[in-house]
Amino acid sequence: MDNMCEKYKLLCCLSGSFDEIELIDKKRFMCQKALEIAHEQEPDKRSFREEDYYVQIVCSCALPYIGHARYLERELTELASEDEAKETKFYETLKQYLLVGNNVSMAAKKMFIHRNTMIYRLSKINEILGVDINEPGIAHKILISILLQEQEKEEK
């Protein structure tokens with residue numbers, strides 16, 4: 001953990017009590033993964049909470065077991081390919097929208113676009129994927145699939 005803090009010039013504070021000594025190693029692992037993921041996603045930020053990156057941490061651990069058996073794997077790959085070919089930002093739009101809990105305004109703000117542009121993009125994404133990305137179960141599966149896909153790219 002010290003190496004991570006030194007590498008990214010961070011101060012790390014852990015709190016909480018542990019009933020079992022084994023939890024300390026697991027908590028350290030979770031915090032270290034959170035720092036790695038957070039620094040990759042938000043390099044200018046200096047304050048991170050492990051629980052904010054919980055889904056990404058879990059996905060990073062699940063990748064070896066799930067591999068390419070991800071939900072909508074082919075469709076998401078095609079969406080990313082279409083972005084490259086047509087210079088759209090549908091994949092990133094979908095990711096940011098799902099990361100903020102399907103909140104249109106917050107996703108638009110995070111991407112520095114108008115709310116109406118976000119709504120238009122989400123409508124097109126629904127058409128392309130052929131699913132309702134606003135349905136909670138589908139949204140969770142897509143987010144996990146995106147995070148697994150990105151984790152796999154990082155490990156290559």
# chains A, B, ... in the order shown; residues from 1 in each chain; ligands from 1

call {"tool": "residues_around", "arguments": {"residues": "stretch 46-52 of chain A", "least_positions_apart": "6", "cutoff": "7 Å", "atoms": "only C-alpha atoms", "output": "compact mmCIF listing (two decimals) with N, CA, C and O atoms, in the first residue's frame"}}
result
# COMPACT_ATOMS: atom_id res chain seq x y z
N LEU A 10 -0.03 10.06 -2.78
CA LEU A 10 -1.29 10.08 -2.03
C LEU A 10 -1.03 9.81 -0.56
O LEU A 10 -0.04 9.20 -0.20
N MET A 30 -8.48 -4.73 -1.43
CA MET A 30 -9.56 -3.91 -1.98
C MET A 30 -9.13 -2.44 -2.11
O MET A 30 -9.40 -1.80 -3.13
N CYS A 31 -8.45 -1.93 -1.12
CA CYS A 31 -7.99 -0.54 -1.16
C CYS A 31 -6.95 -0.34 -2.25
O CYS A 31 -6.98 0.66 -2.98
N ALA A 34 -8.72 -0.36 -5.53
CA ALA A 34 -9.46 0.89 -5.68
C ALA A 34 -8.54 2.03 -6.09
O ALA A 34 -8.87 2.83 -6.97
N ALA A 38 -9.00 3.88 -9.53
CA ALA A 38 -9.33 5.30 -9.40
C ALA A 38 -8.28 6.16 -10.10
O ALA A 38 -8.64 7.11 -10.81

call {"tool": "residues_around", "arguments": {"residues": "A:Leu98", "least_positions_apart": "3", "cutoff": "10 Å", "atoms": "only C-alpha atoms", "output": "ChimeraX atom specification"}}
result
/A:92-95,101-104,107,133-134,136,139-140,142-144,146

call {"tool": "atom_distance", "arguments": {"atom1": "atom CA of A:Asp83", "atom2": "atom CA of A:Glu150"}}
result
15.5 Å

call {"tool": "atom_distance", "arguments": {"atom1": "atom CA of A:Lys109", "atom2": "atom CA of A:Lys89"}}
result
14.7 Å

call {"tool": "atom_distance", "arguments": {"atom1": "atom CA of A:Leu129", "atom2": "atom CA of A:Ala80"}}
result
11.5 Å

call {"tool": "residues_around", "arguments": {"residues": "stretch 57-60 of chain A", "least_positions_apart": "3", "cutoff": "9 Å", "atoms": "only C-alpha atoms", "output": "list in words"}}
result
Met30, Lys33, Ala34, Ile37, Glu50, Tyr53, Tyr54, Leu63, Pro64, Ile144, Ser145, Leu147, Leu148, Gln151 and Glu152 of chain A

call {"tool": "closest_residue", "arguments": {"among": "A:Ser123, A:Ile128, A:Leu35, A:Gly137", "to": "A:Thr77", "atoms": "only C-alpha atoms"}}
result
A:Ile128

call {"tool": "select_by_dssp", "arguments": {"residues": "stretch 56-136 of chain A", "states": "helix (DSSP H, G or I)", "output": "VMD selection string"}}
result
chain A and resid 56 to 66 73 to 86 90 to 99 104 to 111 115 to 129 136
